[in-house]
Amino acid sequence: GAVVSQHPSRVICKSGTSVKIECRSLDFQATTMFWYRQFPKQSLMLMATSNEGSKATYEQGVEKDKFLINHASLTLSTLTVTSAHPEDSSFYICSVSPYNEQFFGPGTRLTVL
Amino acid sequence: GENVEQHPSTLSVQEGDSAVIKCTYSDSASNYFPWYKQELGKRPQLIIDIRSNVGEKKDQRIAVTLNKTAKHFSLHITETQPEDSAVYFCAASWGSGGATNKLIFGTGTLLAVQP
């Protein structure tokens with residue numbers, strides 16, 4: 001399967017600041033990556049599909065101006081949470097999809113104080 | 001859009017017993033159904049998947065069945081062990097394959113295997 005890394009694994013920030021999360025596909029050239037958010041004891045909710053060289057596709061209800069996605073290369077997608085607030089505290093996970101299978105990164109735990 | 005329901009939300013079994021988790025989906029176009037195991041604080045791990053042209057698939061103690069007519073699929077774990085304890089998610093996807101098929105996840109089942 002594909003190997004996916006994320007950085008940072010944990011981040012704590014103050015309310016109002018922006019946080020960037022990186023997702024790297026280490027052994028697969030990913031034209032598409034997926035970003036999920038997972039609240040405690042809940043399921044994974046797809047936020048957006050990141051497309052290399054073009055705009056991301058956001059799911060209904062996800063604010064594109066708040067969750068900025070950049071997919072500048074076949075191995076890197078970034079998610080920036082702008083003006084973060086405590087309600088943005090969550091586990092953010094990216095994935096890549098060779099064929100139908102999806103392989104997930106280790107996730108980033110964001111805590112907004 | 002696709003909606004995936006999963007039951008039960010929690011399941012407690014004795015070691016050695018079988019566990020069954022069920023999911024239903026709404027979009028008849030869905031054609032790929034993976035199951036993921038997620039341990040606390042870790043990434044989901046694919047444990048088994050099935051495509052719509054197959055009714056059943058087995059991998060050692062794990063099996064998945066699919067009923068396309070009823071639009072439901074199930075995960076079966078036999079001879080459960082304490083290390084099977086985790087949250088299990090079903091998911092559904094559609095498309096002709098490739099890297100663009102997004103997954104819609106079920107709500108998850110917390111499986112506890114009592115020694």
# chains A, B, ... in the order shown; residues from 1 in each chain; ligands from 1
>>> closest_atom_pairs(of="range 49-82 of chain B", to="range 32-43 of chain B", cutoff="6 Å", atoms="only C-alpha atoms", output="JSON lines")
{"residue": "B:Asp49", "atom": "CA", "partner": "B:Pro34", "partner_atom": "CA", "distance": 3.9}
{"residue": "B:Ile50", "atom": "CA", "partner": "B:Phe33", "partner_atom": "CA", "distance": 5.3}
{"residue": "B:Arg51", "atom": "CA", "partner": "B:Tyr32", "partner_atom": "CA", "distance": 4.6}
>>> write_last_selection(atoms="N, CA and C atoms", output="PDB file, in the first residue's frame")
ATOM      1  N   ASP B  49     -11.868  -5.530   2.156  1.00  0.00           N
ATOM      2  CA  ASP B  49     -12.766  -4.760   1.304  1.00  0.00           C
ATOM      3  C   ASP B  49     -13.462  -5.698   0.325  1.00  0.00           C
ATOM      4  N   ILE B  50     -14.525  -5.201  -0.266  1.00  0.00           N
ATOM      5  CA  ILE B  50     -15.274  -6.007  -1.221  1.00  0.00           C
ATOM      6  C   ILE B  50     -15.793  -5.091  -2.308  1.00  0.00           C
ATOM      7  N   ARG B  51     -15.849  -5.624  -3.509  1.00  0.00           N
ATOM      8  CA  ARG B  51     -16.371  -4.855  -4.623  1.00  0.00           C
ATOM      9  C   ARG B  51     -17.732  -5.408  -5.015  1.00  0.00           C
TER      10      ARG B  51
END
>>> closest_atom_pairs(of="chain A", to="chain B", cutoff="6 Å", atoms="only C-alpha atoms", output="tab-separated table")
residue	atom	partner	partner_atom	distance
A:Ser43	CA	B:Thr107	CA	5.0
A:Ser97	CA	B:Ala99	CA	4.8
A:Pro98	CA	B:Ala99	CA	5.4
A:Tyr99	CA	B:Gly98	CA	4.2
A:Asn100	CA	B:Gly97	CA	5.4
A:Pro106	CA	B:Arg43	CA	5.0
>>> write_last_selection(atoms="all heavy atoms", output="mmCIF file, in the first residue's frame")
data_model
loop_
_atom_site.group_PDB
_atom_site.id
_atom_site.type_symbol
_atom_site.label_atom_id
_atom_site.label_comp_id
_atom_site.auth_asym_id
_atom_site.auth_seq_id
_atom_site.Cartn_x
_atom_site.Cartn_y
_atom_site.Cartn_z
ATOM 1 N N SER A 43 -17.027 9.578 13.668
ATOM 2 C CA SER A 43 -16.514 9.005 12.428
ATOM 3 C C SER A 43 -15.625 9.996 11.693
ATOM 4 O O SER A 43 -15.485 11.153 12.085
ATOM 5 C CB SER A 43 -17.689 8.598 11.544
ATOM 6 O OG SER A 43 -17.233 7.913 10.399
ATOM 7 N N SER A 97 -5.129 7.576 -2.587
ATOM 8 C CA SER A 97 -5.946 6.476 -3.083
ATOM 9 C C SER A 97 -5.411 5.867 -4.373
ATOM 10 O O SER A 97 -5.846 6.242 -5.463
ATOM 11 C CB SER A 97 -7.373 6.952 -3.314
ATOM 12 O OG SER A 97 -8.199 5.911 -3.791
ATOM 13 N N PRO A 98 -4.471 4.952 -4.251
ATOM 14 C CA PRO A 98 -4.126 4.165 -5.439
ATOM 15 C C PRO A 98 -5.288 3.214 -5.721
ATOM 16 O O PRO A 98 -5.720 2.498 -4.833
ATOM 17 C CB PRO A 98 -2.878 3.382 -4.992
ATOM 18 C CG PRO A 98 -2.463 3.970 -3.683
ATOM 19 C CD PRO A 98 -3.688 4.580 -3.080
ATOM 20 N N TYR A 99 -5.803 3.212 -6.891
ATOM 21 C CA TYR A 99 -6.985 2.425 -7.217
ATOM 22 C C TYR A 99 -8.115 2.847 -6.295
ATOM 23 O O TYR A 99 -8.294 4.002 -6.028
ATOM 24 C CB TYR A 99 -6.689 0.924 -7.118
ATOM 25 C CG TYR A 99 -5.422 0.554 -7.853
ATOM 26 C CD1 TYR A 99 -4.250 0.237 -7.168
ATOM 27 C CD2 TYR A 99 -5.374 0.585 -9.247
ATOM 28 C CE1 TYR A 99 -3.092 -0.046 -7.856
ATOM 29 C CE2 TYR A 99 -4.207 0.297 -9.933
ATOM 30 C CZ TYR A 99 -3.067 -0.023 -9.220
ATOM 31 O OH TYR A 99 -1.914 -0.311 -9.875
ATOM 32 N N ASN A 100 -8.924 1.918 -5.793
ATOM 33 C CA ASN A 100 -10.013 2.272 -4.898
ATOM 34 C C ASN A 100 -9.568 2.388 -3.458
ATOM 35 O O ASN A 100 -10.174 3.084 -2.670
ATOM 36 C CB ASN A 100 -11.133 1.238 -4.973
ATOM 37 C CG ASN A 100 -12.117 1.540 -6.079
ATOM 38 O OD1 ASN A 100 -12.275 0.766 -6.988
ATOM 39 N ND2 ASN A 100 -12.784 2.669 -6.005
ATOM 40 N N PRO A 106 -0.914 9.408 9.469
ATOM 41 C CA PRO A 106 -1.051 9.142 10.906
ATOM 42 C C PRO A 106 -1.919 10.149 11.635
ATOM 43 O O PRO A 106 -2.249 9.940 12.809
ATOM 44 C CB PRO A 106 0.393 9.188 11.407
ATOM 45 C CG PRO A 106 1.088 10.064 10.429
ATOM 46 C CD PRO A 106 0.433 9.822 9.109
#
>>> select_by_dssp(residues="range 8-55 of chain A", states="strand (DSSP E or B)", output="PyMOL selection string")
chain A and resi 10-13+19-25+32-38+44-51
>>> residues_around(residues="His72 in chain B", least_positions_apart="2", cutoff="6 Å", atoms="only C-alpha atoms", output="list in words")
Cys23, Thr24, Asn67 and Ala70 of chain B
>>> residues_around(residues="Tyr25 in chain B", least_positions_apart="3", cutoff="7 Å", atoms="only C-alpha atoms", output="ChimeraX atom specification")
/B:2-5,71-72
>>> write_last_selection(atoms="all heavy atoms", output="short mmCIF file (atom, residue, chain, number, x, y, z; two decimals), in the first residue's frame")
data_model
loop_
_atom_site.label_atom_id
_atom_site.label_comp_id
_atom_site.auth_asym_id
_atom_site.auth_seq_id
_atom_site.Cartn_x
_atom_site.Cartn_y
_atom_site.Cartn_z
N GLU B 2 -24.26 10.03 -1.00
CA GLU B 2 -24.23 8.74 -0.31
C GLU B 2 -24.36 8.93 1.19
O GLU B 2 -23.83 9.89 1.77
CB GLU B 2 -22.91 8.02 -0.66
CG GLU B 2 -22.67 6.70 0.09
CD GLU B 2 -23.66 5.62 -0.28
OE1 GLU B 2 -24.81 5.68 0.22
OE2 GLU B 2 -23.30 4.72 -1.07
N ASN B 3 -25.07 8.00 1.82
CA ASN B 3 -25.20 7.97 3.27
C ASN B 3 -24.97 6.53 3.72
O ASN B 3 -25.54 5.60 3.15
CB ASN B 3 -26.59 8.46 3.69
CG ASN B 3 -26.74 8.49 5.19
OD1 ASN B 3 -25.91 9.03 5.89
ND2 ASN B 3 -27.80 7.88 5.70
N VAL B 4 -24.14 6.37 4.73
CA VAL B 4 -23.83 5.03 5.23
C VAL B 4 -24.20 4.95 6.70
O VAL B 4 -23.74 5.76 7.50
CB VAL B 4 -22.33 4.71 5.05
CG1 VAL B 4 -22.01 3.32 5.57
CG2 VAL B 4 -21.93 4.82 3.58
N GLU B 5 -25.03 3.98 7.02
CA GLU B 5 -25.42 3.76 8.42
C GLU B 5 -24.75 2.48 8.92
O GLU B 5 -24.63 1.50 8.18
CB GLU B 5 -26.94 3.67 8.54
CG GLU B 5 -27.65 4.97 8.18
CD GLU B 5 -29.13 4.93 8.48
OE1 GLU B 5 -29.62 3.87 8.92
OE2 GLU B 5 -29.81 5.94 8.27
N LYS B 71 -28.79 -3.40 -0.39
CA LYS B 71 -27.83 -2.33 -0.12
C LYS B 71 -27.30 -2.40 1.29
O LYS B 71 -27.32 -1.40 2.05
CB LYS B 71 -28.43 -0.96 -0.45
CG LYS B 71 -28.60 -0.74 -1.96
CD LYS B 71 -28.96 0.67 -2.33
CE LYS B 71 -30.40 0.95 -2.03
NZ LYS B 71 -30.87 2.26 -2.53
N HIS B 72 -26.86 -3.58 1.68
CA HIS B 72 -26.18 -3.67 2.96
C HIS B 72 -25.03 -4.65 2.88
O HIS B 72 -24.99 -5.54 2.03
CB HIS B 72 -27.14 -3.97 4.11
CG HIS B 72 -27.81 -5.31 4.08
ND1 HIS B 72 -27.14 -6.50 4.27
CD2 HIS B 72 -29.11 -5.64 3.89
CE1 HIS B 72 -28.00 -7.49 4.21
NE2 HIS B 72 -29.19 -7.01 3.97
#
>>> closest_residue(among="A:Phe103, A:Phe67, A:Phe91, A:Tyr58", to="Phe28 in chain A", atoms="only C-alpha atoms")
A:Phe103
>>> residues_around(residues="Ser90 in chain A", least_positions_apart="5", cutoff="12 Å", atoms="only C-alpha atoms", output="VMD selection string")
(chain A and resid 9 to 12 36 to 45 81 84 to 85 107 to 112) or (chain B and resid 41)
>>> write_last_selection(atoms="N, CA, C and O atoms", output="short mmCIF file (atom, residue, chain, number, x, y, z; two decimals), in the first residue's frame")
data_model
loop_
_atom_site.label_atom_id
_atom_site.label_comp_id
_atom_site.auth_asym_id
_atom_site.auth_seq_id
_atom_site.Cartn_x
_atom_site.Cartn_y
_atom_site.Cartn_z
N SER A 9 2.43 16.02 14.06
CA SER A 9 1.52 15.01 14.61
C SER A 9 0.59 15.64 15.64
O SER A 9 -0.55 15.19 15.82
N ARG A 10 1.11 16.64 16.32
CA ARG A 10 0.29 17.36 17.31
C ARG A 10 0.62 18.84 17.23
O ARG A 10 1.76 19.21 16.99
N VAL A 11 -0.39 19.66 17.42
CA VAL A 11 -0.15 21.11 17.45
C VAL A 11 -1.16 21.75 18.38
O VAL A 11 -2.34 21.39 18.36
N ILE A 12 -0.65 22.65 19.18
CA ILE A 12 -1.50 23.44 20.08
C ILE A 12 -1.30 24.90 19.70
O ILE A 12 -0.16 25.36 19.58
N TYR A 36 -9.73 14.56 5.89
CA TYR A 36 -10.84 14.21 6.78
C TYR A 36 -10.64 14.90 8.13
O TYR A 36 -9.52 15.21 8.54
N ARG A 37 -11.75 15.04 8.82
CA ARG A 37 -11.71 15.53 10.19
C ARG A 37 -12.46 14.52 11.05
O ARG A 37 -13.50 13.98 10.63
N GLN A 38 -11.91 14.27 12.22
CA GLN A 38 -12.53 13.30 13.12
C GLN A 38 -12.59 13.88 14.52
O GLN A 38 -11.56 14.08 15.17
N PHE A 39 -13.80 14.11 15.01
CA PHE A 39 -13.99 14.56 16.38
C PHE A 39 -13.96 13.34 17.28
O PHE A 39 -14.21 12.21 16.83
N PRO A 40 -13.68 13.55 18.58
CA PRO A 40 -13.57 12.41 19.51
C PRO A 40 -14.80 11.51 19.46
O PRO A 40 -15.94 11.98 19.48
N LYS A 41 -14.54 10.23 19.36
CA LYS A 41 -15.58 9.21 19.37
C LYS A 41 -16.57 9.36 18.21
O LYS A 41 -17.72 8.89 18.30
N GLN A 42 -16.12 9.99 17.15
CA GLN A 42 -16.97 10.12 15.98
C GLN A 42 -16.29 9.55 14.74
O GLN A 42 -15.14 9.12 14.80
N SER A 43 -17.03 9.58 13.67
CA SER A 43 -16.51 9.01 12.43
C SER A 43 -15.63 10.00 11.69
O SER A 43 -15.48 11.15 12.09
N LEU A 44 -15.04 9.53 10.61
CA LEU A 44 -14.25 10.40 9.74
C LEU A 44 -15.21 11.12 8.80
O LEU A 44 -16.01 10.49 8.10
N MET A 45 -15.08 12.43 8.77
CA MET A 45 -15.92 13.23 7.89
C MET A 45 -15.04 13.82 6.80
O MET A 45 -14.08 14.54 7.09
N VAL A 81 -5.62 25.71 8.53
CA VAL A 81 -6.79 26.13 9.28
C VAL A 81 -6.58 27.59 9.65
O VAL A 81 -5.69 27.91 10.45
N ALA A 84 -8.02 29.93 13.63
CA ALA A 84 -8.54 28.75 14.34
C ALA A 84 -9.26 29.14 15.62
O ALA A 84 -8.87 30.08 16.33
N HIS A 85 -10.31 28.39 15.92
CA HIS A 85 -11.08 28.57 17.16
C HIS A 85 -11.19 27.23 17.87
O HIS A 85 -10.97 26.18 17.27
N GLY A 107 -2.29 11.21 10.96
CA GLY A 107 -3.18 12.18 11.58
C GLY A 107 -2.45 13.29 12.32
O GLY A 107 -1.29 13.15 12.72
N THR A 108 -3.13 14.40 12.46
CA THR A 108 -2.63 15.56 13.20
C THR A 108 -3.67 15.96 14.23
O THR A 108 -4.82 16.24 13.88
N ARG A 109 -3.25 15.97 15.49
CA ARG A 109 -4.17 16.37 16.56
C ARG A 109 -4.02 17.87 16.77
O ARG A 109 -2.97 18.33 17.20
N LEU A 110 -5.06 18.61 16.46
CA LEU A 110 -5.06 20.07 16.62
C LEU A 110 -5.86 20.44 17.86
O LEU A 110 -7.02 20.03 17.99
N THR A 111 -5.23 21.19 18.73
CA THR A 111 -5.91 21.73 19.91
C THR A 111 -5.80 23.24 19.87
O THR A 111 -4.69 23.79 19.80
N VAL A 112 -6.95 23.89 19.88
CA VAL A 112 -6.98 25.36 19.84
C VAL A 112 -7.43 25.85 21.22
O VAL A 112 -8.52 25.49 21.68
N GLY B 41 -6.35 6.98 18.81
CA GLY B 41 -5.30 7.93 18.46
C GLY B 41 -4.49 7.58 17.24
O GLY B 41 -3.51 8.26 16.93
#
>>> closest_residue(among="A:Lys55, A:Lys64, A:His71, A:Arg24", to="Gln6 in chain A", atoms="only C-alpha atoms")
A:Arg24
>>> decode(residues="range 50-61 of chain B", atoms="all heavy atoms", output="PDB file, in the first residue's frame")
ATOM      1  N   ILE B  50     -14.525  -5.201  -0.266  1.00  0.00           N
ATOM      2  CA  ILE B  50     -15.274  -6.007  -1.221  1.00  0.00           C
ATOM      3  C   ILE B  50     -15.793  -5.091  -2.308  1.00  0.00           C
ATOM      4  O   ILE B  50     -16.138  -3.935  -2.050  1.00  0.00           O
ATOM      5  CB  ILE B  50     -16.416  -6.780  -0.517  1.00  0.00           C
ATOM      6  CG1 ILE B  50     -17.001  -7.851  -1.444  1.00  0.00           C
ATOM      7  CG2 ILE B  50     -17.496  -5.831  -0.012  1.00  0.00           C
ATOM      8  CD1 ILE B  50     -17.926  -8.828  -0.727  1.00  0.00           C
ATOM      9  N   ARG B  51     -15.849  -5.624  -3.509  1.00  0.00           N
ATOM     10  CA  ARG B  51     -16.371  -4.855  -4.623  1.00  0.00           C
ATOM     11  C   ARG B  51     -17.732  -5.408  -5.015  1.00  0.00           C
ATOM     12  O   ARG B  51     -18.073  -6.538  -4.673  1.00  0.00           O
ATOM     13  CB  ARG B  51     -15.376  -4.876  -5.786  1.00  0.00           C
ATOM     14  CG  ARG B  51     -14.042  -4.300  -5.373  1.00  0.00           C
ATOM     15  CD  ARG B  51     -13.003  -4.283  -6.475  1.00  0.00           C
ATOM     16  NE  ARG B  51     -11.682  -4.003  -5.918  1.00  0.00           N
ATOM     17  CZ  ARG B  51     -11.226  -2.787  -5.635  1.00  0.00           C
ATOM     18  NH1 ARG B  51     -11.979  -1.731  -5.880  1.00  0.00           N
ATOM     19  NH2 ARG B  51     -10.035  -2.612  -5.107  1.00  0.00           N
ATOM     20  N   SER B  52     -18.479  -4.627  -5.751  1.00  0.00           N
ATOM     21  CA  SER B  52     -19.890  -4.954  -5.959  1.00  0.00           C
ATOM     22  C   SER B  52     -20.118  -6.160  -6.844  1.00  0.00           C
ATOM     23  O   SER B  52     -21.239  -6.660  -6.929  1.00  0.00           O
ATOM     24  CB  SER B  52     -20.627  -3.741  -6.537  1.00  0.00           C
ATOM     25  OG  SER B  52     -20.060  -3.367  -7.773  1.00  0.00           O
ATOM     26  N   ASN B  53     -19.082  -6.660  -7.486  1.00  0.00           N
ATOM     27  CA  ASN B  53     -19.263  -7.836  -8.332  1.00  0.00           C
ATOM     28  C   ASN B  53     -19.010  -9.136  -7.563  1.00  0.00           C
ATOM     29  O   ASN B  53     -18.990 -10.222  -8.144  1.00  0.00           O
ATOM     30  CB  ASN B  53     -18.337  -7.763  -9.551  1.00  0.00           C
ATOM     31  CG  ASN B  53     -16.876  -7.660  -9.156  1.00  0.00           C
ATOM     32  OD1 ASN B  53     -16.553  -7.371  -8.004  1.00  0.00           O
ATOM     33  ND2 ASN B  53     -15.996  -7.882 -10.111  1.00  0.00           N
ATOM     34  N   VAL B  54     -18.832  -9.000  -6.243  1.00  0.00           N
ATOM     35  CA  VAL B  54     -18.560 -10.158  -5.386  1.00  0.00           C
ATOM     36  C   VAL B  54     -19.539 -10.139  -4.222  1.00  0.00           C
ATOM     37  O   VAL B  54     -19.868  -9.081  -3.696  1.00  0.00           O
ATOM     38  CB  VAL B  54     -17.113 -10.105  -4.856  1.00  0.00           C
ATOM     39  CG1 VAL B  54     -16.847 -11.236  -3.884  1.00  0.00           C
ATOM     40  CG2 VAL B  54     -16.121 -10.151  -6.012  1.00  0.00           C
ATOM     41  N   GLY B  55     -20.019 -11.308  -3.812  1.00  0.00           N
ATOM     42  CA  GLY B  55     -20.969 -11.362  -2.712  1.00  0.00           C
ATOM     43  C   GLY B  55     -20.333 -11.598  -1.347  1.00  0.00           C
ATOM     44  O   GLY B  55     -20.914 -11.248  -0.331  1.00  0.00           O
ATOM     45  N   GLU B  56     -19.148 -12.205  -1.359  1.00  0.00           N
ATOM     46  CA  GLU B  56     -18.511 -12.528  -0.097  1.00  0.00           C
ATOM     47  C   GLU B  56     -17.006 -12.610  -0.296  1.00  0.00           C
ATOM     48  O   GLU B  56     -16.516 -13.013  -1.350  1.00  0.00           O
ATOM     49  CB  GLU B  56     -19.042 -13.863   0.445  1.00  0.00           C
ATOM     50  CG  GLU B  56     -18.492 -14.251   1.797  1.00  0.00           C
ATOM     51  CD  GLU B  56     -19.144 -15.508   2.371  1.00  0.00           C
ATOM     52  OE1 GLU B  56     -20.034 -16.070   1.703  1.00  0.00           O
ATOM     53  OE2 GLU B  56     -18.761 -15.920   3.477  1.00  0.00           O
ATOM     54  N   LYS B  57     -16.290 -12.223   0.734  1.00  0.00           N
ATOM     55  CA  LYS B  57     -14.835 -12.297   0.704  1.00  0.00           C
ATOM     56  C   LYS B  57     -14.351 -12.645   2.094  1.00  0.00           C
ATOM     57  O   LYS B  57     -14.883 -12.128   3.076  1.00  0.00           O
ATOM     58  CB  LYS B  57     -14.255 -10.964   0.238  1.00  0.00           C
ATOM     59  CG  LYS B  57     -12.739 -10.940   0.086  1.00  0.00           C
ATOM     60  CD  LYS B  57     -12.313  -9.586  -0.455  1.00  0.00           C
ATOM     61  CE  LYS B  57     -10.805  -9.490  -0.595  1.00  0.00           C
ATOM     62  NZ  LYS B  57     -10.406  -8.142  -1.112  1.00  0.00           N
ATOM     63  N   LYS B  58     -13.353 -13.512   2.157  1.00  0.00           N
ATOM     64  CA  LYS B  58     -12.866 -13.963   3.462  1.00  0.00           C
ATOM     65  C   LYS B  58     -11.349 -13.862   3.523  1.00  0.00           C
ATOM     66  O   LYS B  58     -10.658 -14.126   2.534  1.00  0.00           O
ATOM     67  CB  LYS B  58     -13.309 -15.405   3.706  1.00  0.00           C
ATOM     68  CG  LYS B  58     -13.066 -15.905   5.114  1.00  0.00           C
ATOM     69  CD  LYS B  58     -13.670 -17.278   5.322  1.00  0.00           C
ATOM     70  CE  LYS B  58     -13.450 -17.748   6.753  1.00  0.00           C
ATOM     71  NZ  LYS B  58     -14.047 -19.091   6.991  1.00  0.00           N
ATOM     72  N   ASP B  59     -10.863 -13.487   4.698  1.00  0.00           N
ATOM     73  CA  ASP B  59      -9.425 -13.419   4.928  1.00  0.00           C
ATOM     74  C   ASP B  59      -9.175 -13.880   6.353  1.00  0.00           C
ATOM     75  O   ASP B  59      -9.339 -13.120   7.304  1.00  0.00           O
ATOM     76  CB  ASP B  59      -8.903 -11.996   4.721  1.00  0.00           C
ATOM     77  CG  ASP B  59      -7.393 -11.896   4.891  1.00  0.00           C
ATOM     78  OD1 ASP B  59      -6.736 -12.936   5.110  1.00  0.00           O
ATOM     79  OD2 ASP B  59      -6.861 -10.777   4.820  1.00  0.00           O
ATOM     80  N   GLN B  60      -8.847 -15.147   6.486  1.00  0.00           N
ATOM     81  CA  GLN B  60      -8.603 -15.765   7.782  1.00  0.00           C
ATOM     82  C   GLN B  60      -9.829 -15.608   8.680  1.00  0.00           C
ATOM     83  O   GLN B  60     -10.888 -16.163   8.363  1.00  0.00           O
ATOM     84  CB  GLN B  60      -7.330 -15.184   8.408  1.00  0.00           C
ATOM     85  CG  GLN B  60      -6.097 -15.427   7.552  1.00  0.00           C
ATOM     86  CD  GLN B  60      -4.816 -14.904   8.169  1.00  0.00           C
ATOM     87  OE1 GLN B  60      -4.814 -14.176   9.165  1.00  0.00           O
ATOM     88  NE2 GLN B  60      -3.690 -15.278   7.603  1.00  0.00           N
ATOM     89  N   ARG B  61      -9.740 -14.871   9.767  1.00  0.00           N
ATOM     90  CA  ARG B  61     -10.876 -14.789  10.689  1.00  0.00           C
ATOM     91  C   ARG B  61     -11.877 -13.693  10.305  1.00  0.00           C
ATOM     92  O   ARG B  61     -12.889 -13.502  10.990  1.00  0.00           O
ATOM     93  CB  ARG B  61     -10.359 -14.494  12.106  1.00  0.00           C
ATOM     94  CG  ARG B  61      -9.480 -15.579  12.701  1.00  0.00           C
ATOM     95  CD  ARG B  61      -9.151 -15.275  14.158  1.00  0.00           C
ATOM     96  NE  ARG B  61      -8.362 -14.068  14.327  1.00  0.00           N
ATOM     97  CZ  ARG B  61      -8.820 -12.949  14.867  1.00  0.00           C
ATOM     98  NH1 ARG B  61     -10.082 -12.853  15.288  1.00  0.00           N
ATOM     99  NH2 ARG B  61      -8.033 -11.887  14.996  1.00  0.00           N
TER     100      ARG B  61
END
